[in-house]
file coords.txt (compact mmCIF, C-alpha atoms and all ligand atoms)
# COMPACT_ATOMS: atom_id res chain seq x y z
CA MET A 115 96.15 120.72 69.07
CA SER A 116 97.52 117.76 67.18
CA GLN A 117 101.23 117.74 66.48
CA GLU A 118 102.39 116.60 63.09
CA SER A 119 105.81 115.49 64.22
CA ILE A 120 108.02 115.34 67.26
CA ARG A 121 111.78 115.57 67.30
CA ALA A 122 112.76 114.88 70.88
CA ALA A 123 116.33 115.12 72.12
CA LEU A 124 116.19 111.37 72.76
CA THR A 125 113.70 108.78 71.50
CA TRP A 126 113.32 105.26 72.92
CA ILE A 127 113.51 102.86 69.99
CA ASP A 128 114.25 99.15 70.14
CA GLY A 129 115.51 99.34 73.70
CA ASP A 130 117.85 102.33 73.41
CA PHE A 131 117.62 106.10 73.48
CA ARG A 132 118.54 107.56 70.10
CA ARG A 133 119.28 111.10 68.97
CA GLY A 134 118.11 112.66 65.69
CA ILE A 135 114.78 110.87 65.37
CA GLU A 136 111.60 112.41 63.99
CA VAL A 137 108.29 110.74 64.79
CA GLY A 138 105.49 111.69 62.41
CA ILE A 139 101.91 111.52 63.64
CA GLY A 140 99.00 110.89 61.31
CA ASP A 141 95.52 112.37 61.48
CA ASP A 142 94.33 108.98 62.75
CA GLY A 143 96.36 109.43 65.96
CA ARG A 144 98.86 106.76 64.95
CA ILE A 145 102.56 106.94 64.25
CA ALA A 146 102.89 107.65 60.53
CA SER A 147 106.67 107.69 60.27
CA VAL A 148 109.86 107.20 62.27
CA SER A 149 112.91 108.60 60.53
CA GLU A 150 116.41 109.96 61.09
CA THR A 151 116.74 113.70 60.86
CA SER A 152 119.40 116.38 61.14
CA GLU A 153 116.81 119.06 61.95
CA PRO A 154 117.05 120.55 65.45
CA PRO A 155 114.76 118.98 68.05
CA THR A 156 111.28 120.40 68.60
CA HIS A 157 111.64 119.19 72.22
CA ASP A 158 115.29 119.68 73.04
CA ARG A 159 115.17 118.76 76.74
CA ILE A 160 112.75 115.86 76.39
CA ALA A 161 113.21 112.11 76.11
CA LEU A 162 110.29 110.46 74.31
CA LEU A 163 109.10 106.99 75.30
CA PRO A 164 106.00 104.96 74.55
CA GLY A 165 103.25 105.86 77.02
CA PHE A 166 103.07 103.59 80.05
CA VAL A 167 100.29 101.02 80.01
CA ASN A 168 98.63 100.28 83.31
CA ALA A 169 97.29 96.79 82.73
CA HIS A 170 95.39 96.34 86.00
CA SER A 171 93.49 98.95 87.99
CA HIS A 172 90.53 99.10 90.33
CA ALA A 173 90.02 102.86 90.21
CA PHE A 174 87.52 103.03 93.08
CA GLN A 175 90.08 101.60 95.49
CA ARG A 176 91.96 104.90 95.19
CA ALA A 177 89.48 106.07 97.85
CA LEU A 178 91.00 103.57 100.29
CA ARG A 179 94.37 105.27 100.25
CA GLY A 180 95.53 105.61 103.84
CA ARG A 181 92.24 104.24 105.05
CA GLY A 182 93.11 100.59 105.66
CA GLU A 183 96.44 101.41 107.27
CA ARG A 184 95.64 101.37 111.01
CA PHE A 185 96.38 98.01 112.50
CA GLU A 186 94.55 97.14 115.69
CA ARG A 187 94.54 93.36 115.45
CA PRO A 188 97.62 91.18 115.73
CA ALA A 189 97.37 89.55 112.29
CA GLU A 190 96.32 91.92 109.53
CA ASN A 191 96.47 90.72 105.95
CA PHE A 192 94.75 90.75 102.57
CA TRP A 193 91.53 89.44 104.07
CA SER A 194 91.23 92.17 106.71
CA TRP A 195 92.00 94.77 104.01
CA ARG A 196 89.16 93.27 101.98
CA GLU A 197 86.75 94.09 104.82
CA ALA A 198 87.76 97.77 104.59
CA MET A 199 87.29 97.62 100.83
CA TYR A 200 83.78 96.16 101.23
CA GLU A 201 82.87 98.99 103.61
CA LEU A 202 83.86 101.45 100.92
CA VAL A 203 81.88 99.53 98.28
CA GLU A 204 78.66 99.99 100.21
CA GLU A 205 79.21 103.76 100.42
CA MET A 206 79.67 104.34 96.70
CA ASP A 207 77.17 106.15 94.51
CA ARG A 208 77.56 107.38 90.95
CA ASP A 209 78.89 110.78 91.95
CA SER A 210 81.53 109.45 94.31
CA MET A 211 82.49 106.71 91.86
CA LYS A 212 83.01 109.25 89.11
CA ARG A 213 84.93 111.66 91.33
CA ILE A 214 87.26 108.94 92.60
CA ALA A 215 87.84 107.44 89.15
CA VAL A 216 88.63 110.86 87.64
CA GLN A 217 91.07 111.48 90.49
CA ALA A 218 92.77 108.11 89.94
CA TYR A 219 92.95 108.56 86.17
CA ARG A 220 94.39 112.08 86.48
CA GLU A 221 97.05 110.70 88.73
CA MET A 222 97.77 107.96 86.19
CA ARG A 223 98.37 110.51 83.44
CA ARG A 224 100.68 112.46 85.70
CA ALA A 225 102.55 109.20 86.25
CA GLY A 226 103.04 108.81 82.49
CA MET A 227 100.28 106.30 81.85
CA THR A 228 98.35 106.63 78.60
CA THR A 229 96.19 103.49 78.76
CA VAL A 230 94.45 101.86 81.69
CA GLY A 231 93.04 98.35 81.88
CA GLU A 232 90.21 98.90 84.34
CA PHE A 233 89.42 95.53 85.94
CA HIS A 234 85.91 96.47 86.85
CA TYR A 235 83.74 94.42 89.16
CA LEU A 236 81.83 97.09 91.12
CA HIS A 237 78.95 97.27 88.64
CA HIS A 238 75.86 98.30 90.55
CA ASP A 239 74.87 101.25 92.68
CA SER A 240 72.02 100.90 95.15
CA ARG A 241 69.63 100.59 92.19
CA GLY A 242 71.49 97.53 90.87
CA ASP A 243 71.57 98.33 87.15
CA TRP A 244 75.22 98.18 85.95
CA GLY A 245 75.30 101.99 86.22
CA PHE A 246 78.93 102.12 87.36
CA ASP A 247 80.13 100.60 84.07
CA GLU A 248 79.45 103.77 82.08
CA VAL A 249 80.84 105.86 84.92
CA MET A 250 84.28 104.32 84.37
CA LEU A 251 84.14 105.10 80.66
CA GLU A 252 82.99 108.66 81.36
CA ALA A 253 85.78 109.20 83.90
CA ALA A 254 88.45 108.01 81.46
CA ALA A 255 86.97 110.19 78.70
CA GLU A 256 87.03 113.21 81.00
CA VAL A 257 90.75 112.70 81.64
CA GLY A 258 91.49 111.73 78.03
CA LEU A 259 92.94 108.41 79.13
CA ARG A 260 92.69 105.43 76.81
CA ILE A 261 90.73 102.69 78.59
CA VAL A 262 90.08 99.00 78.16
CA LEU A 263 87.12 98.28 80.39
CA LEU A 264 87.88 94.77 81.60
CA ASN A 265 84.37 93.96 82.69
CA ALA A 266 84.27 91.34 85.41
CA PHE A 267 81.92 88.43 85.90
CA TYR A 268 81.45 87.68 89.61
CA VAL A 269 78.82 85.32 90.96
CA SER A 270 80.00 83.65 94.19
CA GLY A 271 81.26 84.98 97.50
CA GLY A 272 83.82 82.17 97.74
CA ILE A 273 83.97 78.68 96.29
CA ASP A 274 80.41 77.30 96.70
CA GLU A 275 79.36 80.32 98.76
CA PRO A 276 76.62 82.85 98.03
CA LEU A 277 77.49 86.51 97.54
CA GLY A 278 77.84 88.46 100.78
CA PRO A 279 76.03 91.78 101.36
CA ALA A 280 78.71 94.07 99.86
CA GLN A 281 79.33 91.61 97.03
CA GLN A 282 75.75 92.12 95.77
CA ARG A 283 77.13 95.15 93.98
CA PHE A 284 79.48 92.88 91.99
CA ASP A 285 76.74 90.43 90.98
CA GLY A 286 77.16 89.25 87.37
CA ARG A 287 73.83 87.36 87.71
CA SER A 288 74.17 84.96 84.76
CA LEU A 289 76.29 84.64 81.64
CA GLU A 290 73.26 85.75 79.62
CA ALA A 291 72.90 88.92 81.72
CA TYR A 292 76.66 89.53 81.52
CA TRP A 293 76.80 89.26 77.72
CA ALA A 294 73.62 91.33 77.31
CA ASN A 295 75.34 94.06 79.33
CA MET A 296 78.53 93.68 77.25
CA ASP A 297 76.46 94.02 74.04
CA ARG A 298 74.93 97.18 75.47
CA LEU A 299 78.36 98.59 76.39
CA GLN A 300 79.76 97.67 72.99
CA THR A 301 77.36 100.19 71.45
CA THR A 302 78.63 102.96 73.75
CA VAL A 303 82.42 102.51 73.49
CA ASP A 304 84.11 104.19 70.56
CA GLY A 305 86.36 101.21 69.74
CA ASP A 306 89.40 103.47 69.65
CA ARG A 307 90.01 105.18 72.99
CA GLN A 308 87.55 102.84 74.66
CA ARG A 309 87.40 99.09 74.27
CA LEU A 310 86.07 96.14 76.21
CA GLY A 311 87.72 93.07 77.65
CA VAL A 312 86.39 90.06 79.51
CA VAL A 313 87.13 89.05 83.09
CA ALA A 314 86.39 86.18 85.41
CA HIS A 315 87.14 87.86 88.74
CA SER A 316 88.85 84.84 90.33
CA ILE A 317 88.36 81.17 91.04
CA ARG A 318 86.68 82.30 94.28
CA ALA A 319 84.05 84.29 92.40
CA VAL A 320 83.37 82.14 89.32
CA PRO A 321 83.00 78.32 89.15
CA PRO A 322 85.33 76.60 86.63
CA ASN A 323 82.59 75.63 84.14
CA LEU A 324 81.47 79.27 83.94
CA VAL A 325 85.06 80.51 83.62
CA ALA A 326 85.41 78.14 80.67
CA ASP A 327 82.15 79.30 79.02
CA LEU A 328 83.03 82.95 79.53
CA HIS A 329 86.51 82.42 78.15
CA GLU A 330 85.26 80.51 75.11
CA GLU A 331 82.89 83.34 74.21
CA SER A 332 85.69 85.90 74.66
CA ARG A 333 87.70 83.92 72.09
CA VAL A 334 84.77 83.95 69.66
CA ARG A 335 84.59 87.72 70.07
CA SER A 336 88.39 88.18 69.93
CA LEU A 337 88.40 90.01 73.27
CA VAL A 338 91.24 89.87 75.80
CA PHE A 339 90.58 87.94 79.01
CA HIS A 340 91.97 88.76 82.45
CA MET A 341 91.61 86.97 85.79
CA HIS A 342 93.04 87.26 89.31
CA VAL A 343 95.08 84.11 89.88
CA GLU A 344 96.89 82.79 92.98
CA GLU A 345 97.44 86.04 94.85
CA GLN A 346 96.76 84.31 98.15
CA LEU A 347 97.68 80.88 99.54
CA ALA A 348 94.20 80.50 101.06
CA GLU A 349 92.69 80.70 97.59
CA ILE A 350 94.96 77.91 96.36
CA GLU A 351 94.12 75.70 99.35
CA ALA A 352 90.36 76.22 98.92
CA CYS A 353 90.67 75.45 95.20
CA ARG A 354 92.63 72.24 95.82
CA GLU A 355 90.00 71.16 98.32
CA ALA A 356 87.10 71.86 95.96
CA TYR A 357 88.57 70.89 92.59
CA GLY A 358 91.61 68.74 93.42
CA THR A 359 94.04 71.12 91.76
CA THR A 360 95.39 74.66 91.86
CA PRO A 361 93.62 77.60 90.17
CA THR A 362 96.23 77.47 87.39
CA GLY A 363 95.58 73.72 87.16
CA VAL A 364 91.87 74.47 86.71
CA LEU A 365 92.65 76.94 83.91
CA LEU A 366 94.95 74.49 82.14
CA GLU A 367 92.35 71.76 82.40
CA HIS A 368 89.21 73.69 81.39
CA LEU A 369 90.33 76.54 79.09
CA HIS A 370 91.95 76.83 75.68
CA LEU A 371 94.56 79.29 76.91
CA ASP A 372 96.34 81.58 74.45
CA ASP A 373 98.07 84.94 74.33
CA ARG A 374 94.81 86.83 74.90
CA PHE A 375 94.76 85.49 78.47
CA THR A 376 96.42 87.39 81.33
CA ALA A 377 96.67 86.03 84.86
CA VAL A 378 96.97 88.83 87.40
CA HIS A 379 99.40 88.26 90.32
CA ASP A 380 100.51 84.58 90.14
CA THR A 381 102.21 85.32 93.44
CA HIS A 382 102.21 81.74 94.71
CA THR A 383 102.07 79.78 91.46
CA ASP A 384 103.75 76.41 91.44
CA PRO A 385 106.77 76.43 89.05
CA ALA A 386 105.55 73.37 87.10
CA ASP A 387 102.10 74.96 86.69
CA MET A 388 103.76 78.19 85.59
CA ALA A 389 105.84 76.46 82.92
CA ARG A 390 102.73 74.77 81.47
CA TYR A 391 100.76 78.02 81.70
CA LEU A 392 103.41 80.11 79.91
CA ALA A 393 103.81 77.45 77.20
CA THR A 394 100.28 78.33 76.03
CA GLY A 395 101.41 81.89 75.24
CA ALA A 396 99.35 83.33 78.10
CA ARG A 397 100.64 86.30 80.07
CA VAL A 398 101.27 87.47 83.62
CA CYS A 399 100.43 90.84 85.16
CA LEU A 400 102.22 91.86 88.36
CA CYS A 401 101.18 94.69 90.65
CA PRO A 402 104.30 95.09 92.81
CA LEU A 403 103.20 98.10 94.89
CA THR A 404 99.80 96.58 95.70
CA GLU A 405 101.26 93.15 96.35
CA ALA A 406 103.66 94.82 98.79
CA ASN A 407 100.90 96.91 100.39
CA LEU A 408 98.67 93.88 100.90
CA GLY A 409 101.48 91.63 102.09
CA ASP A 410 100.76 89.14 99.30
CA GLY A 411 104.31 87.97 98.70
CA LEU A 412 106.59 87.96 95.65
CA ALA A 413 106.04 86.17 92.37
CA ASP A 414 108.95 84.22 90.89
CA VAL A 415 109.91 86.90 88.37
CA PRO A 416 113.27 85.35 87.33
CA GLY A 417 111.52 82.02 86.78
CA ILE A 418 108.78 83.61 84.66
CA LEU A 419 111.32 85.56 82.59
CA ALA A 420 113.57 82.52 82.14
CA ALA A 421 110.57 80.61 80.75
CA GLY A 422 110.01 83.40 78.20
CA GLY A 423 107.03 84.82 80.10
CA ARG A 424 105.78 88.26 79.17
CA ILE A 425 105.09 90.30 82.30
CA CYS A 426 103.04 93.48 82.36
CA LEU A 427 102.35 95.81 85.27
CA GLY A 428 99.29 97.26 87.01
CA SER A 429 98.60 99.78 89.75
CA ASP A 430 95.79 97.53 91.07
CA SER A 431 94.56 99.02 94.38
CA ASN A 432 96.03 102.44 93.50
CA ALA A 433 97.43 102.85 97.01
CA ARG A 434 100.25 104.55 95.08
CA ILE A 435 100.08 105.38 91.39
CA SER A 436 103.54 105.31 89.87
CA MET A 437 104.70 103.20 86.95
CA LEU A 438 108.28 104.17 87.76
CA GLU A 439 107.89 102.63 91.21
CA GLU A 440 106.11 99.55 89.86
CA MET A 441 109.09 98.87 87.59
CA ARG A 442 111.55 99.58 90.41
CA LEU A 443 109.84 97.25 92.84
CA MET A 444 109.55 94.51 90.22
CA GLU A 445 113.36 94.41 90.28
CA TYR A 446 114.01 95.40 93.90
CA GLY A 447 111.56 92.87 95.35
CA GLN A 448 113.58 90.13 93.70
CA ARG A 449 116.88 91.62 94.91
CA LEU A 450 115.56 91.47 98.47
CA ARG A 451 114.15 88.00 98.00
CA GLY A 452 117.17 86.42 96.29
CA GLN A 453 119.96 88.58 97.74
CA GLN A 454 121.14 89.13 94.16
CA ARG A 455 121.04 92.06 91.76
CA GLY A 456 119.81 92.12 88.18
CA ALA A 457 116.84 89.77 88.51
CA CYS A 458 115.02 91.30 85.55
CA ARG A 459 117.95 91.22 83.15
CA ASP A 460 117.87 90.32 79.47
CA ALA A 461 120.53 88.34 77.58
CA HIS A 462 122.69 91.49 77.48
CA GLY A 463 122.45 92.05 81.23
CA ARG A 464 120.04 94.99 80.80
CA ILE A 465 117.22 95.47 83.29
CA ASP A 466 116.01 98.81 81.88
CA ARG A 467 114.75 97.17 78.69
CA VAL A 468 112.95 94.37 80.51
CA LEU A 469 111.29 96.75 82.97
CA LEU A 470 110.31 99.31 80.33
CA ASP A 471 108.87 96.55 78.14
CA ALA A 472 106.75 95.46 81.13
CA ALA A 473 105.49 99.03 81.49
CA THR A 474 104.78 99.53 77.78
CA ILE A 475 104.59 96.88 75.05
CA ASN A 476 103.69 93.94 77.29
CA GLY A 477 100.83 95.89 78.85
CA ALA A 478 99.59 97.04 75.45
CA GLU A 479 99.60 93.48 74.12
CA SER A 480 97.87 92.18 77.22
CA LEU A 481 95.08 94.71 76.67
CA GLY A 482 94.94 94.21 72.90
CA VAL A 483 95.85 97.84 72.25
CA ALA A 484 98.23 98.78 69.40
CA ALA A 485 100.40 101.00 71.61
CA GLY A 486 103.57 100.35 73.63
CA ARG A 487 106.29 100.89 71.04
CA ILE A 488 107.47 103.77 68.87
CA GLU A 489 107.01 102.27 65.43
CA ILE A 490 104.92 102.98 62.34
CA GLY A 491 101.24 102.06 62.66
CA ARG A 492 101.13 102.05 66.45
CA LEU A 493 99.08 104.52 68.46
CA ALA A 494 100.86 107.82 69.03
CA ASP A 495 100.78 107.53 72.82
CA PHE A 496 103.91 108.87 74.50
CA VAL A 497 105.39 109.84 77.82
CA LEU A 498 107.66 112.87 77.80
CA VAL A 499 110.54 112.76 80.24
CA ASP A 500 112.10 116.02 81.41
CA LEU A 501 115.87 115.76 80.97
CA ASP A 502 116.30 118.71 83.34
CA ALA A 503 114.48 116.96 86.18
CA PRO A 504 116.58 117.08 89.38
CA THR A 505 116.43 113.31 89.79
CA LEU A 506 118.02 112.81 86.36
CA GLN A 507 120.82 115.37 86.71
CA ASP A 508 124.35 114.17 86.00
CA CYS A 509 123.26 110.79 84.63
CA ARG A 510 125.12 109.56 81.56
CA GLU A 511 123.02 109.19 78.42
CA GLU A 512 123.69 105.46 78.18
CA ASP A 513 122.47 105.05 81.77
CA LEU A 514 119.43 107.28 81.41
CA ALA A 515 116.80 104.52 81.16
CA SER A 516 118.11 102.77 84.29
CA ALA A 517 118.33 106.12 86.09
CA LEU A 518 114.73 106.85 85.14
CA VAL A 519 113.45 103.48 86.31
CA LEU A 520 115.47 103.25 89.52
CA GLY A 521 116.07 106.85 90.53
CA ALA A 522 113.43 109.20 89.15
CA ALA A 523 110.11 110.36 90.50
CA GLU A 524 106.97 111.70 88.84
CA GLU A 525 108.54 115.17 88.71
CA ALA A 526 110.61 113.80 85.79
CA ILE A 527 107.46 113.23 83.76
CA ALA A 528 106.78 116.35 81.74
CA GLY A 529 103.53 115.08 80.26
CA THR A 530 101.83 112.52 78.09
CA LEU A 531 100.47 112.55 74.56
CA ILE A 532 97.55 110.30 73.63
CA ALA A 533 96.83 109.86 69.92
CA GLY A 534 99.44 112.59 69.45
CA ARG A 535 97.56 115.10 71.61
CA PRO A 536 98.49 116.57 74.97
ZN ZN B 1 93.13 93.32 91.25
call {"tool": "encode", "arguments": {"input": "coords.txt", "output": "structure tokens"}}
result
Amino acid sequence: MSQESIRAALTWIDGDFRRGIEVGIGDDGRIASVSETSEPPTHDRIALLPGFVNAHSHAFQRALRGRGERFERPAENFWSWREAMYELVEEMDRDSMKRIAVQAYREMRRAGMTTVGEFHYLHHDSRGDWGFDEVMLEAAAEVGLRIVLLNAFYVSGGIDEPLGPAQQRFDGRSLEAYWANMDRLQTTVDGDRQRLGVVAHSIRAVPPNLVADLHEESRVRSLVFHMHVEEQLAEIEACREAYGTTPTGVLLEHLHLDDRFTAVHDTHTDPADMARYLATGARVCLCPLTEANLGDGLADVPGILAAGGRICLGSDSNARISMLEEMRLMEYGQRLRGQQRGACRDAHGRIDRVLLDAATINGAESLGVAAGRIEIGRLADFVLVDLDAPTLQDCREEDLASALVLGAAEEAIAGTLIAGRP
């Protein structure tokens, strides 16, 4: 049932919780009005926020939870985890893919997420016909989650290396085959709850000239573009050896970067590269829980923020699905790294605004979705926070957003509305 208006006890507007706000929802699933009211709340123990936007997910990796966590060799890292992931890839069929994706997406909604950017590179089942692409759209539809299918192009197993056995299932074949598949998918997505985006998996998986061609066509089609960038030092070393510069250097040299481009991770990005990258308007997506799980390292969040960078957040490997924890670790990782508090602060010393923006508006903009903020014309996607949740008891109203981000768990999330519907 669609709700015509919501009067929550507290509504997150322009970086503060406000009382006495009525949010009107139009038949088109967008916010039709935001006004002050003296009417009693319709939701008197609820705080209303924009729905969380998960800008980077590989849903199938949810099936790896707990599985790559026995350590028998002395040095275990991202690359040994990748072997476990490839084992899983070879087991997947359409039924298991669907089941796992539905499971992951349900968990996302319970964690307050209303949109997922599914960075999708596992295209083929044993028949090799892009069949998993529709499965992701079907899984999101089943859960009612808004999805941007970030469809990945992947053609090499490493720089100048052929695809390995498991990687055959990622094979983008050629740009012609990729775009033919995108054209086919474009006729199946509804353009509202389901949209497409373009991905070059990484500099390991796509040579620079093809990244540039792919990116140019994405600009012609006005589609967002995402790419894994500089998660691992080994990738940077291999890139320097092959191309004489860093992956970010390759992007700056070969692409017309703009604000439709999002680099995922940037864990080890050189500060000078980062300054040039951010000056183009391009964005950064961090996946703090996954980066911690994989032992990637920590991106220079204060440096990115100081340069005006817009950071969004993703659950990536889905080893844990919690936007509250992603926000928390974005700040806490930097506290541990720099032995200082308040790394993600704005000019007023507020971290709650910066972290909630990363979880909402920045993710929405990165995915090209008109959500992420409670204002007229935006999608009526909300997360409802339970003010009676035990983890929020005895918190002052002015501290509520910080308490939510740093102290609350999923039990504080009473539900989500997408296009105004539960
Ligand atoms: Zn990823």
call {"tool": "residues_near_ligand", "arguments": {"input": "coords.txt", "ligand": "ligand ZN 1 (chain B)", "cutoff": "7 Å", "atoms": "all atoms listed in the file", "output": "list of chain:residue names"}}
result
A:His170, A:Ser171, A:His172, A:Phe233, A:His342, A:Asp430, A:Ser431
call {"tool": "write_last_selection", "arguments": {"input": "coords.txt", "atoms": "C-alpha atoms", "output": "PDB file, keeping the file's coordinate frame"}}
result
ATOM      1  CA  HIS A 170      95.390  96.340  86.000  1.00  0.00           C
ATOM      2  CA  SER A 171      93.490  98.950  87.990  1.00  0.00           C
ATOM      3  CA  HIS A 172      90.530  99.100  90.330  1.00  0.00           C
ATOM      4  CA  PHE A 233      89.420  95.530  85.940  1.00  0.00           C
ATOM      5  CA  HIS A 342      93.040  87.260  89.310  1.00  0.00           C
ATOM      6  CA  ASP A 430      95.790  97.530  91.070  1.00  0.00           C
ATOM      7  CA  SER A 431      94.560  99.020  94.380  1.00  0.00           C
TER       8      SER A 431
END
call {"tool": "residues_near_point", "arguments": {"input": "coords.txt", "point": "(82.9, 83.0, 95.2)", "cutoff": "9 Å", "atoms": "all atoms listed in the file", "output": "PyMOL selection string"}}
result
chain A and resi 268-277+316-321
call {"tool": "atom_distance", "arguments": {"input": "coords.txt", "atom1": "atom CA of A:Val468", "atom2": "atom CA of A:Leu124"}}
result
19.0 Å
call {"tool": "residues_near_point", "arguments": {"input": "coords.txt", "point": "(115.5, 97.8, 92.2)", "cutoff": "9 Å", "atoms": "all atoms listed in the file", "output": "MDAnalysis selection string"}}
result
chainID A and resid 441:450 455:457 519:520
call {"tool": "residues_around", "arguments": {"input": "coords.txt", "residues": "stretch 243-247 of chain A", "least_positions_apart": "3", "cutoff": "9 Å", "atoms": "only C-alpha atoms", "output": "ChimeraX atom specification"}}
result
/A:207-208,211-212,234-240,250-252,263,265,283,295,299
call {"tool": "residues_around", "arguments": {"input": "coords.txt", "residues": "A:Pro322", "least_positions_apart": "6", "cutoff": "8 Å", "atoms": "all atoms listed in the file", "output": "PyMOL selection string"}}
result
chain A and resi 364-365+368
call {"tool": "closest_residue", "arguments": {"input": "coords.txt", "among": "A:Leu337, A:Glu439, A:Thr151, A:Ala161", "to": "A:Ala515", "atoms": "all atoms listed in the file"}}
result
A:Ala161
call {"tool": "atom_distance", "arguments": {"input": "coords.txt", "atom1": "atom CA of A:Gly143", "atom2": "atom CA of A:Arg260"}}
result
12.1 Å
call {"tool": "atom_distance", "arguments": {"input": "coords.txt", "atom1": "atom CA of A:Leu369", "atom2": "atom CA of A:Ala326"}}
result
5.4 Å
call {"tool": "closest_residue", "arguments": {"input": "coords.txt", "among": "A:Arg159, A:Arg287, A:Arg179, A:Arg492", "to": "A:Asn407", "atoms": "all atoms listed in the file"}}
result
A:Arg179
call {"tool": "residues_around", "arguments": {"input": "coords.txt", "residues": "A:Asp158", "least_positions_apart": "6", "cutoff": "12 Å", "atoms": "only C-alpha atoms", "output": "list in words"}}
result
Ile120, Arg121, Ala122, Ala123, Leu124, Thr125, Arg133, Gly134, Ile135, Leu498, Val499, Asp500, Leu501 and Asp502 of chain A
call {"tool": "closest_residue", "arguments": {"input": "coords.txt", "among": "A:Ala173, A:Ile127, A:Val167, A:Met222", "to": "A:Glu150", "atoms": "only C-alpha atoms"}}
result
A:Ile127
call {"tool": "closest_residue", "arguments": {"input": "coords.txt", "among": "A:Arg298, A:Arg187, A:Arg241, A:Arg213", "to": "A:Ala253", "atoms": "only C-alpha atoms"}}
result
A:Arg213
call {"tool": "closest_residue", "arguments": {"input": "coords.txt", "among": "A:Leu347, A:Val137, A:Ala523, A:Leu259", "to": "A:Gln308", "atoms": "only C-alpha atoms"}}
result
A:Leu259
call {"tool": "closest_residue", "arguments": {"input": "coords.txt", "among": "A:Ser210, A:Gln175, A:Ser152, A:Thr229", "to": "A:Thr474", "atoms": "all atoms listed in the file"}}
result
A:Thr229
call {"tool": "decode", "arguments": {"input": "coords.txt", "residues": "stretch 311-352 of chain A", "atoms": "C-alpha atoms", "output": "mmCIF file, in the first residue's frame"}}
result
data_model
loop_
_atom_site.group_PDB
_atom_site.id
_atom_site.type_symbol
_atom_site.label_atom_id
_atom_site.label_comp_id
_atom_site.auth_asym_id
_atom_site.auth_seq_id
_atom_site.Cartn_x
_atom_site.Cartn_y
_atom_site.Cartn_z
ATOM 1 C CA GLY A 311 25.752 1.175 -15.637
ATOM 2 C CA VAL A 312 29.069 0.422 -17.306
ATOM 3 C CA VAL A 313 32.129 -1.167 -15.735
ATOM 4 C CA ALA A 314 35.682 -1.956 -16.678
ATOM 5 C CA HIS A 315 36.486 -4.541 -14.011
ATOM 6 C CA SER A 316 40.048 -3.327 -13.341
ATOM 7 C CA ILE A 317 43.294 -2.510 -15.088
ATOM 8 C CA ARG A 318 44.145 -6.210 -14.648
ATOM 9 C CA ALA A 319 41.095 -7.307 -16.612
ATOM 10 C CA VAL A 320 40.822 -4.654 -19.349
ATOM 11 C CA PRO A 321 43.664 -3.095 -21.403
ATOM 12 C CA PRO A 322 43.794 0.743 -21.313
ATOM 13 C CA ASN A 323 42.673 1.286 -24.926
ATOM 14 C CA LEU A 324 39.551 -0.810 -24.294
ATOM 15 C CA VAL A 325 38.868 0.958 -20.985
ATOM 16 C CA ALA A 326 38.982 4.227 -22.934
ATOM 17 C CA ASP A 327 36.636 2.959 -25.688
ATOM 18 C CA LEU A 328 34.207 1.535 -23.156
ATOM 19 C CA HIS A 329 34.247 4.745 -21.149
ATOM 20 C CA GLU A 330 33.730 6.932 -24.215
ATOM 21 C CA GLU A 331 30.651 4.950 -25.217
ATOM 22 C CA SER A 332 29.298 5.156 -21.651
ATOM 23 C CA ARG A 333 29.559 8.954 -21.941
ATOM 24 C CA VAL A 334 27.667 8.915 -25.247
ATOM 25 C CA ARG A 335 24.931 6.886 -23.552
ATOM 26 C CA SER A 336 24.995 9.000 -20.350
ATOM 27 C CA LEU A 337 25.594 5.912 -18.201
ATOM 28 C CA VAL A 338 27.616 5.880 -14.980
ATOM 29 C CA PHE A 339 30.987 4.126 -15.089
ATOM 30 C CA HIS A 340 32.613 2.208 -12.238
ATOM 31 C CA MET A 341 35.997 0.479 -11.989
ATOM 32 C CA HIS A 342 38.093 -1.240 -9.314
ATOM 33 C CA VAL A 343 41.185 0.924 -8.848
ATOM 34 C CA GLU A 344 44.332 0.413 -6.753
ATOM 35 C CA GLU A 345 42.994 -1.958 -4.119
ATOM 36 C CA GLN A 346 46.262 -3.880 -4.120
ATOM 37 C CA LEU A 347 49.911 -2.814 -4.357
ATOM 38 C CA ALA A 348 50.670 -5.724 -6.708
ATOM 39 C CA GLU A 349 48.205 -4.295 -9.216
ATOM 40 C CA ILE A 350 49.953 -0.915 -9.127
ATOM 41 C CA GLU A 351 53.382 -2.508 -9.591
ATOM 42 C CA ALA A 352 52.210 -4.625 -12.546
#
